[in-house]
$ cat start.txt   # compact mmCIF, C-alpha atoms
# COMPACT_ATOMS: atom_id res chain seq x y z
CA MET O 1 0.00 0.00 0.00
CA LYS O 2 1.31 3.45 -0.89
CA THR O 3 2.39 5.50 2.11
CA GLU O 4 -0.13 8.29 1.43
CA LEU O 5 -2.96 5.73 1.60
CA PHE O 6 -1.35 3.89 4.53
CA LEU O 7 -1.31 7.18 6.45
CA SER O 8 -4.48 8.79 5.13
CA PRO O 9 -6.54 10.76 7.68
CA GLU O 10 -9.21 8.05 7.63
CA VAL O 11 -6.69 5.27 8.35
CA LEU O 12 -4.98 7.32 11.06
CA LEU O 13 -8.22 8.00 12.88
CA ARG O 14 -9.24 4.34 12.75
CA ALA O 15 -5.80 3.41 14.07
CA TYR O 16 -6.02 5.82 17.01
CA ALA O 17 -9.51 4.57 17.85
CA ALA O 18 -8.06 1.03 17.91
CA GLY O 19 -5.16 2.05 20.17
CA ILE O 20 -2.28 2.03 17.68
CA PHE O 21 -0.10 4.78 16.23
CA PRO O 22 2.54 5.10 13.47
CA MET O 23 6.29 5.57 13.83
CA SER O 24 9.42 5.48 11.67
CA GLU O 25 12.90 4.29 12.60
CA GLY O 26 14.29 7.73 11.84
CA ALA O 27 13.68 11.06 10.16
CA ASP O 28 15.11 9.79 6.85
CA ASP O 29 13.22 6.49 6.87
CA ALA O 30 10.43 6.23 4.29
CA ASP O 31 8.96 3.13 5.99
CA VAL O 32 6.25 3.45 8.63
CA PHE O 33 5.10 0.84 11.12
CA TRP O 34 2.27 0.60 13.64
CA VAL O 35 2.92 0.48 17.39
CA ASP O 36 0.67 -1.06 20.07
CA PRO O 37 2.67 -1.01 23.34
CA HIS O 38 2.06 -3.61 26.05
CA MET O 39 2.37 -0.78 28.59
CA ARG O 40 0.85 2.56 27.63
CA GLY O 41 1.75 6.00 28.91
CA ILE O 42 -0.98 8.40 29.99
CA ILE O 43 -1.24 11.53 32.11
CA PRO O 44 -4.40 11.28 34.24
CA LEU O 45 -6.10 14.62 33.72
CA ASP O 46 -7.30 14.69 37.33
CA ARG O 47 -3.77 14.18 38.67
CA PHE O 48 -1.61 16.51 36.57
CA HIS O 49 1.29 17.92 38.59
CA VAL O 50 2.79 21.35 37.94
CA PRO O 51 6.16 21.71 39.70
CA ARG O 52 6.48 24.78 41.89
CA ARG O 53 9.20 26.40 39.77
CA LEU O 54 7.12 25.95 36.63
CA ARG O 55 4.16 27.59 38.33
CA ARG O 56 6.32 30.65 38.97
CA THR O 57 7.42 30.67 35.34
CA ILE O 58 3.84 30.46 34.07
CA ARG O 59 2.79 33.31 36.36
CA LYS O 60 5.54 35.49 34.87
CA GLY O 61 4.09 34.90 31.38
CA PRO O 62 7.35 34.63 29.42
CA PHE O 63 5.62 33.37 26.27
CA GLU O 64 2.67 34.25 24.09
CA ILE O 65 0.56 31.10 23.81
CA ARG O 66 -1.09 30.40 20.49
CA VAL O 67 -3.10 27.46 19.20
CA ASN O 68 -2.94 26.11 15.64
CA THR O 69 -1.22 29.16 14.17
CA ASP O 70 1.87 27.26 12.92
CA PHE O 71 1.14 23.55 13.06
CA ALA O 72 3.76 22.73 10.42
CA GLY O 73 6.33 24.77 12.33
CA VAL O 74 5.66 22.81 15.50
CA ILE O 75 6.14 19.48 13.72
CA ALA O 76 9.36 20.82 12.18
CA GLY O 77 10.56 21.83 15.63
CA CYS O 78 9.73 18.40 17.05
CA ALA O 79 11.52 16.69 14.15
CA ALA O 80 14.67 18.81 14.34
CA PRO O 81 17.82 17.51 16.05
CA GLY O 82 18.22 18.79 19.57
CA PRO O 83 20.33 18.34 22.71
CA GLY O 84 20.96 14.65 23.22
CA ARG O 85 19.36 13.58 19.95
CA ARG O 86 20.65 13.60 16.40
CA SER O 87 17.37 12.55 14.80
CA THR O 88 13.75 11.73 15.61
CA TRP O 89 11.12 9.27 14.44
CA ILE O 90 9.20 12.03 12.60
CA SER O 91 9.82 11.23 8.95
CA ASP O 92 8.55 13.20 5.97
CA PRO O 93 5.61 10.79 5.38
CA ILE O 94 4.55 11.14 9.01
CA ARG O 95 4.93 14.91 8.93
CA THR O 96 2.77 15.15 5.80
CA ALA O 97 0.15 12.81 7.27
CA TYR O 98 -0.32 14.88 10.42
CA ILE O 99 -0.49 18.15 8.52
CA ARG O 100 -3.35 16.62 6.51
CA LEU O 101 -4.99 15.50 9.73
CA HIS O 102 -4.63 19.04 11.06
CA GLU O 103 -6.28 20.41 7.91
CA ARG O 104 -9.22 18.10 8.66
CA GLY O 105 -9.49 19.55 12.18
CA PHE O 106 -8.29 16.46 14.09
CA ALA O 107 -4.72 17.49 14.95
CA HIS O 108 -3.77 20.55 16.98
CA SER O 109 -0.73 22.45 18.18
CA VAL O 110 -0.15 24.46 21.33
CA GLU O 111 2.63 26.96 20.68
CA CYS O 112 4.95 29.20 22.70
CA TRP O 113 6.06 32.40 20.97
CA ARG O 114 8.46 35.11 22.05
CA GLU O 115 9.15 38.29 20.08
CA GLY O 116 7.43 36.88 17.02
CA LYS O 117 9.38 33.60 17.00
CA LEU O 118 8.13 30.09 17.66
CA VAL O 119 10.27 28.86 20.58
CA GLY O 120 8.45 25.70 21.68
CA GLY O 121 5.26 23.74 21.59
CA LEU O 122 3.57 20.41 21.11
CA TYR O 123 1.11 18.71 18.81
CA GLY O 124 -1.31 15.81 18.98
CA VAL O 125 -4.51 14.25 17.73
CA SER O 126 -8.01 14.87 19.10
CA LEU O 127 -10.67 12.20 18.71
CA GLY O 128 -13.87 12.24 20.73
CA ALA O 129 -12.84 13.02 24.32
CA ALA O 130 -9.31 11.65 23.86
CA PHE O 131 -6.17 13.61 23.06
CA PHE O 132 -3.13 11.71 21.80
CA GLY O 133 0.05 13.66 22.47
CA GLU O 134 2.62 13.10 19.75
CA SER O 135 5.72 15.21 20.41
CA MET O 136 6.96 18.49 21.88
CA PHE O 137 10.03 20.68 21.62
CA SER O 138 11.75 23.67 23.23
CA ARG O 139 14.11 26.26 21.88
CA GLU O 140 13.94 28.19 25.14
CA ARG O 141 13.89 26.94 28.70
CA ASP O 142 10.54 25.56 29.88
CA ALA O 143 8.71 26.26 26.61
CA SER O 144 7.49 22.69 26.12
CA LYS O 145 6.55 22.42 29.80
CA VAL O 146 4.50 25.61 29.58
CA ALA O 147 2.80 24.31 26.43
CA LEU O 148 1.97 21.03 28.17
CA THR O 149 0.40 22.85 31.12
CA HIS O 150 -1.69 24.98 28.78
CA LEU O 151 -2.74 21.82 26.92
CA VAL O 152 -3.96 20.15 30.11
CA ALA O 153 -5.89 23.27 31.12
CA ARG O 154 -7.51 23.26 27.69
CA LEU O 155 -8.37 19.55 27.88
CA ASN O 156 -9.92 19.90 31.34
CA ALA O 157 -11.92 22.93 30.22
CA GLY O 158 -13.15 21.05 27.16
CA GLY O 159 -14.28 17.88 28.95
CA TYR O 160 -11.58 15.49 27.74
CA ARG O 161 -11.24 12.14 29.49
CA LEU O 162 -7.90 10.81 28.25
CA LEU O 163 -4.44 12.27 27.58
CA ASP O 164 -2.33 9.61 25.89
CA THR O 165 1.47 10.07 25.94
CA GLN O 166 2.22 6.74 24.20
CA PHE O 167 5.26 6.08 26.40
CA VAL O 168 6.46 7.34 29.78
CA THR O 169 9.71 9.23 30.13
CA GLU O 170 11.40 10.59 33.23
CA HIS O 171 10.47 14.05 31.99
CA LEU O 172 6.75 13.20 31.76
CA MET O 173 6.75 11.43 35.12
CA ARG O 174 7.39 14.80 36.74
CA PHE O 175 3.94 15.84 35.54
CA GLY O 176 2.16 12.71 36.74
CA ALA O 177 2.52 10.38 33.75
CA VAL O 178 1.99 6.70 34.53
CA GLU O 179 2.13 3.42 32.66
CA ILE O 180 -0.91 1.19 32.50
CA PRO O 181 -1.38 -2.24 30.87
CA ARG O 182 -2.83 -2.41 27.39
CA TYR O 183 -6.19 -3.81 28.53
CA GLU O 184 -6.66 -0.94 31.01
CA TYR O 185 -5.75 1.56 28.33
CA HIS O 186 -8.35 0.14 25.96
CA LEU O 187 -11.06 0.49 28.60
CA LEU O 188 -10.20 4.18 28.95
CA LEU O 189 -9.78 4.60 25.20
CA ASP O 190 -13.15 3.10 24.29
CA ALA O 191 -14.96 5.37 26.74
CA ALA O 192 -13.03 8.45 25.60
CA VAL O 193 -13.27 8.12 21.82
CA ASN O 194 -17.01 7.54 22.12
CA GLY O 195 -17.38 10.68 24.21
CA SER O 196 -17.41 14.30 23.13
CA ALA O 197 -15.14 17.21 24.03
CA ASP O 198 -14.35 20.69 22.77
CA PHE O 199 -10.70 21.59 22.17
CA PHE O 200 -11.68 25.24 21.75
CA ALA O 201 -13.75 25.60 24.93
CA PHE O 202 -10.79 27.32 26.62
CA SER O 203 -9.90 30.90 25.72
CA ALA O 204 -7.88 32.10 28.73
CA ASP O 205 -4.32 31.31 27.67
CA ASP O 206 -3.35 34.84 28.68
CA ASP O 207 -4.60 34.29 32.26
CA PRO O 208 -1.93 32.31 34.13
CA GLU O 209 -4.02 31.81 37.26
CA GLU O 210 -6.87 30.31 35.24
CA VAL O 211 -4.43 28.10 33.34
CA LEU O 212 -2.99 26.77 36.60
CA ARG O 213 -6.40 26.36 38.19
CA LEU O 214 -7.69 24.25 35.32
CA ALA O 215 -4.47 22.31 34.83
CA MET O 216 -4.37 21.30 38.49
CA SER O 217 -8.10 20.83 38.91
CA THR O 218 -9.65 17.48 39.75
CA PRO O 219 -12.74 17.20 37.56
CA ALA O 220 -15.03 14.26 38.10
CA ARG O 221 -13.97 11.63 35.61
CA ALA O 222 -12.95 8.02 35.68
CA SER O 223 -9.35 7.27 36.62
CA PRO O 224 -7.45 4.22 35.33
CA PRO O 225 -8.92 0.96 36.63
CA ALA O 226 -7.22 -0.31 39.77
CA GLY O 227 -6.86 -3.88 38.58
CA PRO O 228 -8.30 -6.70 36.46
CA PRO O 229 -12.08 -7.15 36.52
CA SER O 230 -13.43 -9.59 39.04
CA SER O 231 -14.08 -13.10 37.79
CA GLY O 232 -16.97 -13.57 40.15

$ encode --input "start.txt" --output "structure tokens"
Amino acid sequence: MKTELFLSPEVLLRAYAAGIFPMSEGADDADVFWVDPHMRGIIPLDRFHVPRRLRRTIRKGPFEIRVNTDFAGVIAGCAAPGPGRRSTWISDPIRTAYIRLHERGFAHSVECWREGKLVGGLYGVSLGAAFFGESMFSRERDASKVALTHLVARLNAGGYRLLDTQFVTEHLMRFGAVEIPRYEYHLLLDAAVNGSADFFAFSADDDPEEVLRLAMSTPARASPPAGPPSSG
């Protein structure tokens, strides 16, 4: 199957609804494969942690926060080499596929700008009441962390039920990311993709106190199951 059909918006959305996502071995790799991890990373939206120093940074407002104004620029930033990495998994076919998904209204970027320059941000896919975080980058200190906090505030304001991080890194653990088994993830996923949410319900990115309030709020929603269902 040709890559453009393999990664068409329709196929991508079906894949996310089924719990799988595409990756490449490297930025120059034309081949794409599907990933379905045994252990899945998520950030429970009712347990997001904002470190104290980051709260002070957000209150100072060092960045202008924009949404969807330079989606292609955010992907380019995520794909670019950075400290500790010479390349990423974001290949040209993947980049093209997500730009098309963005044009359909299913992929979004949260961006940090300073003095007219894009200095950090993140992007991901929205489906039902689930948001699938794909990648983030920083060209200035804390830019990706600020973008993540604004994303969580936006998701809580819009009634989202799931923030998928695919994998868990030490960096994400600082914000409350956890790993859950595949079967638990699918329970959360099924409920979330069949729900409804509004990515644009939030419009207070210039109000740091409201951003922090919503990001650290504990809305009433189901948390990951505690264990396997009872057999009796």

$ closest_atom_pairs --input "start.txt" --of "stretch 105-185 of chain O" --to "stretch 41-63 of chain O" --cutoff "7 Å" --atoms "only C-alpha atoms" --output "Markdown table"
| residue | atom | partner | partner_atom | distance |
| --- | --- | --- | --- | --- |
| O:Cys112 | CA | O:Phe63 | CA | 5.5 |
| O:Trp113 | CA | O:Phe63 | CA | 5.4 |
| O:Arg114 | CA | O:Phe63 | CA | 5.4 |
| O:Val146 | CA | O:Ile58 | CA | 6.6 |
| O:Val152 | CA | O:Leu45 | CA | 6.9 |
| O:Asn156 | CA | O:Leu45 | CA | 6.9 |
| O:Leu162 | CA | O:Leu45 | CA | 6.9 |
| O:Leu163 | CA | O:Ile43 | CA | 5.6 |
| O:Asp164 | CA | O:Ile42 | CA | 4.5 |
| O:Thr165 | CA | O:Ile42 | CA | 5.0 |
| O:Gln166 | CA | O:Gly41 | CA | 4.8 |
| O:Phe167 | CA | O:Gly41 | CA | 4.3 |
| O:Val168 | CA | O:Gly41 | CA | 5.0 |
| O:Phe175 | CA | O:His49 | CA | 4.5 |
| O:Gly176 | CA | O:Phe48 | CA | 5.4 |
| O:Ala177 | CA | O:Ile43 | CA | 4.3 |
| O:Val178 | CA | O:Gly41 | CA | 5.7 |
| O:Glu179 | CA | O:Gly41 | CA | 4.6 |
| O:Ile180 | CA | O:Gly41 | CA | 6.6 |

$ closest_atom_pairs --input "start.txt" --of "stretch 148-195 of chain O" --to "stretch 96-109 of chain O" --cutoff "12 Å" --atoms "only C-alpha atoms" --output "CSV"
residue,atom,partner,partner_atom,distance
O:Leu148,CA,O:Ser109,CA,10.4
O:His150,CA,O:Ser109,CA,10.9
O:Leu151,CA,O:Ser109,CA,9.0
O:Arg154,CA,O:His108,CA,11.7
O:Leu155,CA,O:His108,CA,11.9

$ residues_around --input "start.txt" --residues "O:Ser135" --least-positions-apart "4" --cutoff "7 Å" --atoms "all atoms listed in the file" --output "PDB file with C-alpha atoms, in the frame of the given file"
ATOM      1  CA  CYS O  78       9.730  18.400  17.050  1.00  0.00           C
ATOM      2  CA  LEU O 122       3.570  20.410  21.110  1.00  0.00           C
ATOM      3  CA  TYR O 123       1.110  18.710  18.810  1.00  0.00           C
TER       4      TYR O 123
END

$ closest_residue --input "start.txt" --among "O:Leu172, O:Ala79, O:Val67, O:Leu212" --to "O:Gly133" --atoms "all atoms listed in the file"
O:Leu172

$ closest_atom_pairs --input "start.txt" --of "stretch 30-57 of chain O" --to "stretch 11-24 of chain O" --cutoff "10 Å" --atoms "only C-alpha atoms" --output "tab-separated table"
residue	atom	partner	partner_atom	distance
O:Ala30	CA	O:Ser24	CA	7.5
O:Asp31	CA	O:Ser24	CA	6.2
O:Val32	CA	O:Ser24	CA	4.8
O:Phe33	CA	O:Pro22	CA	5.5
O:Trp34	CA	O:Pro22	CA	4.5
O:Val35	CA	O:Phe21	CA	5.4
O:Asp36	CA	O:Ile20	CA	4.9
O:Pro37	CA	O:Ile20	CA	8.1
O:Arg40	CA	O:Gly19	CA	9.6

$ atom_distance --input "start.txt" --atom1 "atom CA of O:Ala80" --atom2 "atom CA of O:Arg139"
10.6 Å

$ closest_residue --input "start.txt" --among "O:Ile94, O:Leu7, O:Val110, O:Val211" --to "O:Glu25" --atoms "only C-alpha atoms"
O:Ile94

$ closest_residue --input "start.txt" --among "O:Phe137, O:Glu170, O:Glu209, O:Ser126" --to "O:Asn194" --atoms "all atoms listed in the file"
O:Ser126

$ atom_distance --input "start.txt" --atom1 "atom CA of O:Phe131" --atom2 "atom CA of O:Ala201"
14.3 Å

$ residues_around --input "start.txt" --residues "O:Gly195" --least-positions-apart "5" --cutoff "9 Å" --atoms "only C-alpha atoms" --output "list in words"
Leu127, Gly128, Ala129, Ala130, Tyr160, Arg161 and Asp190 of chain O
